[in-house]
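One file, work-v2.txt, carrying compact mmCIF, C-alpha atoms:
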# COMPACT_ATOMS: atom_id res chain seq x y z
CA MET W 13 -126.08 84.11 -107.80
CA ASN W 14 -125.98 80.83 -109.71
CA MET W 15 -128.05 78.48 -107.53
CA PRO W 16 -127.29 75.22 -109.41
CA ARG W 17 -123.55 75.80 -109.13
CA THR W 18 -123.88 76.74 -105.47
CA ILE W 19 -125.90 73.62 -104.75
CA ALA W 20 -123.37 71.48 -106.65
CA ALA W 21 -120.48 73.00 -104.75
CA LEU W 22 -122.30 72.45 -101.46
CA GLY W 23 -122.94 68.85 -102.45
CA LEU W 24 -119.26 68.26 -103.18
CA ALA W 25 -118.30 69.84 -99.88
CA LEU W 26 -120.72 67.61 -98.00
CA LEU W 27 -119.42 64.56 -99.86
CA PHE W 28 -115.87 65.47 -98.92
CA MET W 29 -116.86 65.97 -95.28
CA ALA W 30 -118.65 62.62 -95.25
CA SER W 31 -115.58 60.93 -96.72
CA GLN W 32 -113.40 62.51 -94.03
CA ALA W 33 -115.85 61.41 -91.34
CA ILE W 34 -115.79 57.83 -92.61
CA THR W 35 -111.99 57.85 -92.63
CA GLU W 36 -111.84 59.23 -89.10
CA ALA W 37 -114.41 56.70 -87.94
CA CYS W 38 -112.32 53.85 -89.33
CA LEU W 39 -109.26 55.21 -87.59
CA ALA W 40 -111.28 55.52 -84.39
CA GLY W 41 -112.07 51.81 -84.26
CA GLU W 42 -114.61 50.63 -86.85
CA GLY W 43 -111.85 48.93 -88.83
CA PHE W 44 -108.30 47.77 -88.21
CA THR W 45 -106.50 50.34 -86.07
CA TRP W 46 -102.98 50.92 -84.84
CA PRO W 47 -102.24 52.18 -81.30
CA ASN W 48 -102.57 55.88 -80.46
CA GLY W 49 -103.93 56.82 -83.88
CA ALA W 50 -100.85 55.70 -85.80
CA ARG W 51 -101.31 55.16 -89.54
CA ALA W 52 -98.86 52.26 -89.90
CA ALA W 53 -96.46 50.03 -88.00
CA VAL W 54 -92.76 49.51 -88.68
CA CYS W 55 -90.60 46.65 -87.41
CA LEU W 56 -86.83 46.99 -87.54
CA THR W 57 -85.26 43.53 -87.51
CA TYR W 58 -81.59 42.54 -87.33
CA ASP W 59 -80.41 39.07 -88.30
CA ASP W 60 -77.70 36.68 -87.09
CA GLY W 61 -76.63 38.13 -83.72
CA LEU W 62 -73.61 40.23 -84.70
CA ASP W 63 -71.25 42.37 -82.63
CA MET W 64 -72.15 45.36 -84.80
CA HIS W 65 -75.74 45.01 -83.60
CA LEU W 66 -74.56 45.49 -80.02
CA ASP W 67 -72.03 48.17 -80.93
CA ASN W 68 -73.96 50.13 -83.57
CA ALA W 69 -77.62 49.19 -83.99
CA VAL W 70 -78.64 49.06 -80.32
CA PRO W 71 -77.01 52.41 -79.40
CA ASP W 72 -78.61 54.04 -82.46
CA LEU W 73 -82.04 52.71 -81.48
CA ASP W 74 -81.61 53.68 -77.84
CA ALA W 75 -80.55 57.21 -78.78
CA VAL W 76 -84.03 57.88 -80.24
CA ASN W 77 -85.99 55.54 -77.94
CA LEU W 78 -87.01 53.03 -80.61
CA LYS W 79 -87.13 49.27 -80.18
CA GLY W 80 -85.89 46.58 -82.55
CA SER W 81 -86.00 42.81 -82.97
CA PHE W 82 -82.75 40.86 -83.04
CA TYR W 83 -82.88 37.37 -84.57
CA VAL W 84 -79.97 35.50 -83.06
CA THR W 85 -78.58 32.14 -84.14
CA GLY W 86 -77.59 29.67 -81.46
CA ASN W 87 -74.06 29.44 -82.86
CA SER W 88 -73.55 33.22 -82.91
CA SER W 89 -69.99 33.94 -81.76
CA SER W 90 -71.21 37.28 -80.42
CA LEU W 91 -73.83 35.53 -78.28
CA ALA W 92 -71.17 33.14 -76.92
CA ARG W 93 -68.73 35.92 -76.02
CA ARG W 94 -71.13 38.68 -74.96
CA MET W 95 -74.05 36.96 -73.27
CA ASP W 96 -74.44 39.73 -70.67
CA ASP W 97 -74.60 42.38 -73.40
CA TRP W 98 -77.36 40.47 -75.16
CA ARG W 99 -79.29 40.15 -71.89
CA ALA W 100 -78.99 43.92 -71.49
CA VAL W 101 -80.56 44.34 -74.95
CA VAL W 102 -83.64 42.49 -73.71
CA ARG W 103 -83.80 44.45 -70.45
CA ASN W 104 -83.88 47.63 -72.52
CA GLY W 105 -87.06 46.55 -74.31
CA HIS W 106 -85.73 45.02 -77.50
CA GLU W 107 -86.75 41.58 -78.74
CA ILE W 108 -84.55 38.53 -79.15
CA GLY W 109 -86.06 36.21 -81.76
CA ASN W 110 -85.33 32.71 -83.04
CA HIS W 111 -83.07 32.39 -86.07
CA THR W 112 -82.31 28.63 -85.69
CA CYS W 113 -79.22 27.08 -84.08
CA PHE W 114 -76.96 26.75 -87.13
CA HIS W 115 -78.44 29.09 -89.77
CA PRO W 116 -79.35 26.43 -92.37
CA CYS W 117 -80.38 27.64 -95.82
CA ASN W 118 -81.23 26.13 -99.17
CA ARG W 119 -77.97 26.04 -101.10
CA HIS W 120 -79.70 26.12 -104.48
CA ARG W 121 -81.89 29.18 -105.07
CA ASP W 122 -85.08 29.47 -107.08
CA ASN W 123 -83.38 31.84 -109.53
CA GLY W 124 -80.61 29.34 -110.29
CA ASP W 125 -77.99 30.91 -108.02
CA VAL W 126 -75.96 28.81 -105.59
CA PHE W 127 -75.04 29.93 -102.07
CA GLU W 128 -71.47 28.64 -102.06
CA TRP W 129 -71.07 29.42 -98.36
CA VAL W 130 -73.80 26.91 -97.40
CA THR W 131 -72.00 23.75 -96.29
CA PRO W 132 -73.61 20.29 -96.61
CA GLU W 133 -74.47 20.22 -92.91
CA GLN W 134 -76.05 23.71 -93.21
CA ASN W 135 -78.01 22.85 -96.33
CA LEU W 136 -81.77 22.75 -95.67
CA GLU W 137 -82.03 20.49 -98.70
CA ASN W 138 -80.39 17.83 -96.50
CA TYR W 139 -82.83 18.39 -93.62
CA ASN W 140 -86.13 16.67 -92.99
CA ILE W 141 -89.02 18.28 -91.14
CA PRO W 142 -88.36 16.62 -87.74
CA ARG W 143 -84.77 17.87 -87.86
CA ILE W 144 -85.63 21.54 -88.49
CA VAL W 145 -88.45 21.44 -85.93
CA SER W 146 -86.06 20.00 -83.34
CA GLU W 147 -83.44 22.62 -84.14
CA LEU W 148 -85.96 25.43 -83.70
CA GLN W 149 -87.14 23.96 -80.40
CA VAL W 150 -83.56 23.77 -79.13
CA ALA W 151 -83.00 27.38 -80.18
CA ASN W 152 -86.14 28.40 -78.28
CA THR W 153 -84.80 26.69 -75.16
CA LEU W 154 -81.48 28.49 -75.52
CA LEU W 155 -83.21 31.85 -75.87
CA TYR W 156 -85.44 31.12 -72.89
CA ALA W 157 -82.28 30.65 -70.85
CA LEU W 158 -81.09 34.00 -72.19
CA ASP W 159 -84.15 36.16 -71.55
CA GLY W 160 -86.71 34.07 -69.63
CA LYS W 161 -89.41 34.66 -72.23
CA LYS W 162 -91.71 31.87 -73.39
CA GLU W 163 -93.37 33.67 -76.33
CA ARG W 164 -91.16 33.91 -79.39
CA THR W 165 -91.20 34.92 -83.04
CA LEU W 166 -89.16 33.39 -85.83
CA ALA W 167 -87.21 34.81 -88.75
CA TYR W 168 -86.60 32.20 -91.44
CA THR W 169 -82.93 31.90 -92.35
CA CYS W 170 -82.39 33.13 -95.91
CA TYR W 171 -86.23 33.42 -95.94
CA ASP W 172 -86.37 29.64 -96.55
CA HIS W 173 -89.13 27.45 -95.14
CA THR W 174 -88.67 24.21 -97.10
CA VAL W 175 -86.44 21.21 -96.53
CA ALA W 176 -85.61 18.10 -98.61
CA ASP W 177 -87.86 17.49 -101.61
CA GLY W 178 -89.35 20.96 -101.22
CA GLN W 179 -91.38 20.04 -98.13
CA ASP W 180 -92.74 23.14 -96.37
CA PHE W 181 -92.37 23.15 -92.58
CA ILE W 182 -94.48 26.21 -91.71
CA ASP W 183 -97.46 24.28 -90.33
CA GLN W 184 -95.22 22.15 -88.13
CA ILE W 185 -93.57 25.12 -86.40
CA LYS W 186 -96.72 27.15 -85.67
CA PRO W 187 -97.18 25.71 -82.15
CA PHE W 188 -93.81 27.16 -81.13
CA PHE W 189 -94.08 30.71 -82.47
CA LEU W 190 -96.47 33.63 -82.27
CA ALA W 191 -95.61 34.73 -85.81
CA ALA W 192 -92.81 34.49 -88.35
CA ARG W 193 -91.03 36.96 -90.58
CA ALA W 194 -90.41 35.99 -94.17
CA GLY W 195 -89.03 38.45 -96.71
CA HIS W 196 -87.46 38.76 -100.10
CA PRO W 197 -83.75 38.81 -100.88
CA PHE W 198 -82.63 42.13 -102.34
CA GLY W 199 -85.76 44.18 -101.86
CA GLY W 200 -89.23 43.34 -100.62
CA GLU W 201 -92.76 44.51 -100.07
CA ILE W 202 -95.00 45.97 -97.41
CA VAL W 203 -97.92 44.07 -95.92
CA GLU W 204 -100.72 44.75 -98.40
CA ASP W 205 -103.72 43.78 -96.28
CA MET W 206 -103.90 43.29 -92.52
CA GLN W 207 -106.85 40.92 -92.84
CA THR W 208 -105.27 38.45 -95.24
CA VAL W 209 -101.57 38.59 -94.36
CA ASP W 210 -100.24 35.18 -93.32
CA LEU W 211 -98.98 35.60 -89.75
CA TYR W 212 -96.27 33.02 -90.47
CA LEU W 213 -95.14 34.58 -93.75
CA VAL W 214 -95.04 38.28 -92.94
CA PRO W 215 -93.21 39.98 -95.84
CA GLY W 216 -90.34 42.38 -95.43
CA PHE W 217 -87.56 44.31 -97.12
CA GLU W 218 -83.95 43.11 -97.05
CA VAL W 219 -81.46 45.97 -96.84
CA VAL W 220 -78.63 45.72 -99.37
CA SER W 221 -76.62 48.94 -99.15
CA ASN W 222 -79.83 50.96 -99.34
CA THR W 223 -80.02 54.64 -98.47
CA ALA W 224 -82.21 56.06 -95.75
CA GLU W 225 -84.31 57.75 -98.42
CA GLU W 226 -85.08 54.41 -100.07
CA LEU W 227 -86.12 52.88 -96.75
CA ILE W 228 -88.20 55.92 -95.82
CA ASP W 229 -90.02 55.56 -99.14
CA PHE W 230 -90.71 51.92 -98.26
CA VAL W 231 -92.06 52.96 -94.86
CA ASN W 232 -94.30 55.58 -96.42
CA GLN W 233 -95.84 52.97 -98.71
CA ALA W 234 -97.12 51.30 -95.56
CA VAL W 235 -98.34 54.63 -94.17
CA LYS W 236 -100.31 55.24 -97.35
CA ALA W 237 -101.80 51.73 -97.20
CA GLY W 238 -102.41 51.84 -93.44
CA THR W 239 -100.55 48.55 -92.97
CA MET W 240 -97.03 47.63 -91.83
CA ALA W 241 -93.46 47.56 -93.09
CA VAL W 242 -90.81 45.11 -91.87
CA ILE W 243 -87.16 45.91 -92.57
CA THR W 244 -84.36 43.32 -92.33
CA PHE W 245 -80.83 44.46 -91.55
CA HIS W 246 -77.65 42.42 -91.33
CA GLY W 247 -74.55 44.61 -91.24
CA VAL W 248 -74.94 48.04 -89.62
CA GLY W 249 -71.78 49.99 -90.25
CA THR W 250 -68.87 49.11 -92.53
CA THR W 251 -67.76 45.50 -92.32
CA GLY W 252 -65.21 43.44 -94.17
CA ASP W 253 -66.88 40.04 -93.90
CA ARG W 254 -69.62 38.42 -95.98
CA TYR W 255 -72.12 40.91 -94.56
CA ALA W 256 -70.54 43.64 -96.67
CA ASP W 257 -73.15 43.01 -99.38
CA LEU W 258 -75.96 43.11 -96.81
CA ASN W 259 -74.86 46.29 -95.13
CA ILE W 260 -76.24 49.73 -94.35
CA GLU W 261 -73.89 52.57 -93.54
CA ARG W 262 -74.38 53.72 -89.99
CA GLN W 263 -75.21 57.28 -90.98
CA GLU W 264 -78.01 55.97 -93.22
CA HIS W 265 -79.28 53.79 -90.38
CA ARG W 266 -79.35 56.84 -88.10
CA LYS W 267 -81.19 58.93 -90.71
CA LEU W 268 -83.92 56.31 -90.98
CA LEU W 269 -84.28 56.11 -87.20
CA ALA W 270 -84.40 59.89 -86.92
CA TYR W 271 -87.26 59.96 -89.44
CA LEU W 272 -89.19 57.29 -87.57
CA ALA W 273 -88.66 59.08 -84.26
CA LYS W 274 -89.78 62.42 -85.71
CA ASN W 275 -92.94 60.82 -87.10
CA ARG W 276 -93.79 58.53 -84.20
CA ASP W 277 -97.27 60.11 -83.99
CA LYS W 278 -98.22 58.47 -87.30
CA ILE W 279 -95.71 55.59 -87.46
CA TRP W 280 -95.66 53.04 -84.65
CA THR W 281 -92.16 51.54 -84.54
CA ASP W 282 -91.84 48.58 -82.20
CA THR W 283 -90.62 45.02 -81.91
CA PHE W 284 -92.01 42.41 -84.26
CA ILE W 285 -93.54 40.45 -81.39
CA LYS W 286 -95.40 43.47 -79.97
CA VAL W 287 -96.70 44.50 -83.37
CA MET W 288 -97.83 40.98 -84.19
CA LYS W 289 -99.58 40.64 -80.83
CA HIS W 290 -101.53 43.76 -81.73
CA VAL W 291 -102.31 42.40 -85.19
CA ILE W 292 -103.58 39.14 -83.69
CA ALA W 293 -105.76 41.00 -81.17
CA GLU W 294 -107.22 43.31 -83.82
CA ARG W 295 -108.01 40.45 -86.18
CA LYS W 296 -109.84 38.65 -83.38
CA ARG W 297 -111.71 41.82 -82.38
CA LEU W 298 -112.90 42.30 -85.94
CA GLY W 299 -113.89 38.65 -86.33
CA TRP W 300 -111.31 37.99 -89.04
CA ASP W 301 -109.66 35.19 -87.06
CA LYS W 302 -111.60 32.89 -84.77
Show the structure stored in the file as structure tokens.
Amino acid sequence: MNMPRTIAALGLALLFMASQAITEACLAGEGFTWPNGARAAVCLTYDDGLDMHLDNAVPDLDAVNLKGSFYVTGNSSSLARRMDDWRAVVRNGHEIGNHTCFHPCNRHRDNGDVFEWVTPEQNLENYNIPRIVSELQVANTLLYALDGKKERTLAYTCYDHTVADGQDFIDQIKPFFLAARAGHPFGGEIVEDMQTVDLYLVPGFEVVSNTAEELIDFVNQAVKAGTMAVITFHGVGTTGDRYADLNIERQEHRKLLAYLAKNRDKIWTDTFIKVMKHVIAERKRLGWDK
């Protein structure tokens, strides 16, 4: 018997066991934790208040008992025509979030592109801070009339949070929202660190004809990191309007939801507001936020 090798092997085994114990201890509550032992959180968000959200996304979510967040604009034609259907979405446990009244965006993009569909009255470059704050407050009032809820989250339109002369309005809107979803056009990133993530600039992934496999890979990056992944959908199912470029085929949407449902023991999928409430509570518990 080779004693040195045996002792070395025993030492490695003990080191491995200690590492496992530390990991389990962190998951048990000595560090940031997710509910029920989950390894990550996922938020499925749907922008602009579209009929296909009522007709496709909500039934797909309900079929596997998952909840999503729907960011509805005040001028949504679907909201105007199908108010009772949108109220039913809330009664079923989904979130309705603020997405402004008129969906203003910066017409000129950082990469030099121009959003031709942004009219002068929709152009955030023609807004000042009081105007966007007022618009968001009006939208909150409208949504309160819809669902009776006073706590709200925001999804920036086109992920923009500046107005004329590049003035940033994030600080001015904090009193009206629990948290805000940012994102990146055509792709995105997971939350890298739950301690340092800006609650009013939570990153996400914009779906642009992605497959379920690509989105599952994005989710699993968050599982590996122990953080969260936010996914932004527009069109769900084939559409002929301008959402065609921001679309996911319904079968791909269903595949993603099926994966999340199958792995709900390690992936907590819930509304953005519920997940962010948990994040806020955990950060306070750990002394990260005072």
Query raised in the report: If we count all atoms listed in the file, what is near stretch 232-236 of chain W at a cut-off of 9 Å, once residues fewer than 6 positions away on the same chain are taken out, given as a PyMOL selection string?
Result: chain W and resi 50-54+202-204+278-279
**Report entry** Residues within 10 Å of W:Lys162, all atoms listed in the file, excluding chain neighbours under 5 positions, as a VMD selection string
**Finding:** chain W and resid 152 to 153 155 to 157 188 to 189
Query raised in the report: Which of these residues is nearest to W:Ala273, using only C-alpha atoms: W:Val175, W:Val76, W:Val130, W:Leu56?
Result: W:Val76
Centre, x/y/z edge lengths, axis-aligned box for stretch 282-293 of chain W with 4 Å per side, as AutoDock Vina command-line options:
--center_x -98.2 --center_y 43.9 --center_z -82.6 --size_x 23.1 --size_y 17.4 --size_z 13.2
Query raised in the report: Near W:Ile285, within 9 Å and counting all atoms listed in the file, which residues show up once chain neighbours fewer than 6 positions away are dropped, as JSON, numbers by chain?
Result: {"W": [81, 107, 109, 163, 164, 165, 190, 191]}
Query raised in the report: How many Å lie between atom CA of W:Met64 and atom CA of W:Val248, rounded to one decimal?
Result: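 Calculated distance between atom CA of W:Met64 and atom CA of W:Val248 is 6.2 Å.
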Query - One-decimal distance in Å that lies between atom CA of W:Asn222 and atom CA of W:Arg121 - result: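 Result for atom CA of W:Arg121 versus atom CA of W:Asn222: 22.6 Å, one decimal.
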Requested in this report: Counting all atoms listed in the file, figure out which residue out of W:Thr45, W:Asn110, W:Asn77, W:Lys186 gets nearest to W:Arg276.
Outcome: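 Ranking W:Thr45, W:Asn110, W:Asn77, W:Lys186 by distance to W:Arg276, first place goes to W:Asn77.
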Requested in this report: Tell me which of W:Val102, W:Phe284, W:Gly238, W:Gly61 sits closest to W:Leu211, counting only C-alpha atoms.
Outcome: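 Of W:Val102, W:Phe284, W:Gly238, W:Gly61, the one nearest W:Leu211 is W:Phe284, counting only C-alpha atoms.
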If I only want stretch 110-154 of chain W, can you write it with C-alpha atoms, as a compact mmCIF listing (two decimals), in the first residue's frame?
# COMPACT_ATOMS: atom_id res chain seq x y z
CA ASN W 110 -45.54 50.16 -18.07
CA HIS W 111 -44.29 50.68 -21.61
CA THR W 112 -45.20 54.42 -21.88
CA CYS W 113 -48.31 55.89 -23.49
CA PHE W 114 -47.06 56.43 -27.04
CA HIS W 115 -43.94 54.25 -27.38
CA PRO W 116 -41.40 57.04 -27.95
CA CYS W 117 -37.90 56.04 -29.05
CA ASN W 118 -34.71 57.75 -30.14
CA ARG W 119 -34.93 57.98 -33.92
CA HIS W 120 -31.15 58.09 -34.35
CA ARG W 121 -29.31 55.05 -32.98
CA ASP W 122 -25.86 54.86 -31.46
CA ASN W 123 -24.66 52.65 -34.32
CA GLY W 124 -25.68 55.22 -36.94
CA ASP W 125 -28.94 53.54 -37.93
CA VAL W 126 -32.19 55.51 -38.18
CA PHE W 127 -35.56 54.18 -37.05
CA GLU W 128 -37.62 55.50 -39.96
CA TRP W 129 -40.88 54.50 -38.27
CA VAL W 130 -40.28 56.92 -35.37
CA THR W 131 -42.34 60.03 -36.12
CA PRO W 132 -41.34 63.49 -34.81
CA GLU W 133 -43.94 63.32 -32.05
CA GLN W 134 -42.65 59.84 -31.04
CA ASN W 135 -39.01 60.87 -31.11
CA LEU W 136 -37.47 60.90 -27.62
CA GLU W 137 -34.92 63.34 -28.98
CA ASN W 138 -37.77 65.88 -29.02
CA TYR W 139 -38.79 65.12 -25.41
CA ASN W 140 -37.55 66.77 -22.25
CA ILE W 141 -37.41 65.02 -18.89
CA PRO W 142 -40.68 66.48 -17.49
CA ARG W 143 -42.52 65.27 -20.58
CA ILE W 144 -41.35 61.64 -20.37
CA VAL W 145 -41.91 61.55 -16.61
CA SER W 146 -45.45 62.86 -17.10
CA GLU W 147 -46.13 60.32 -19.83
CA LEU W 148 -44.97 57.46 -17.61
CA GLN W 149 -47.12 58.71 -14.74
CA VAL W 150 -50.17 58.86 -17.01
CA ALA W 151 -49.44 55.33 -18.20
CA ASN W 152 -49.23 54.16 -14.58
CA THR W 153 -52.65 55.69 -13.90
CA LEU W 154 -54.11 53.94 -16.93
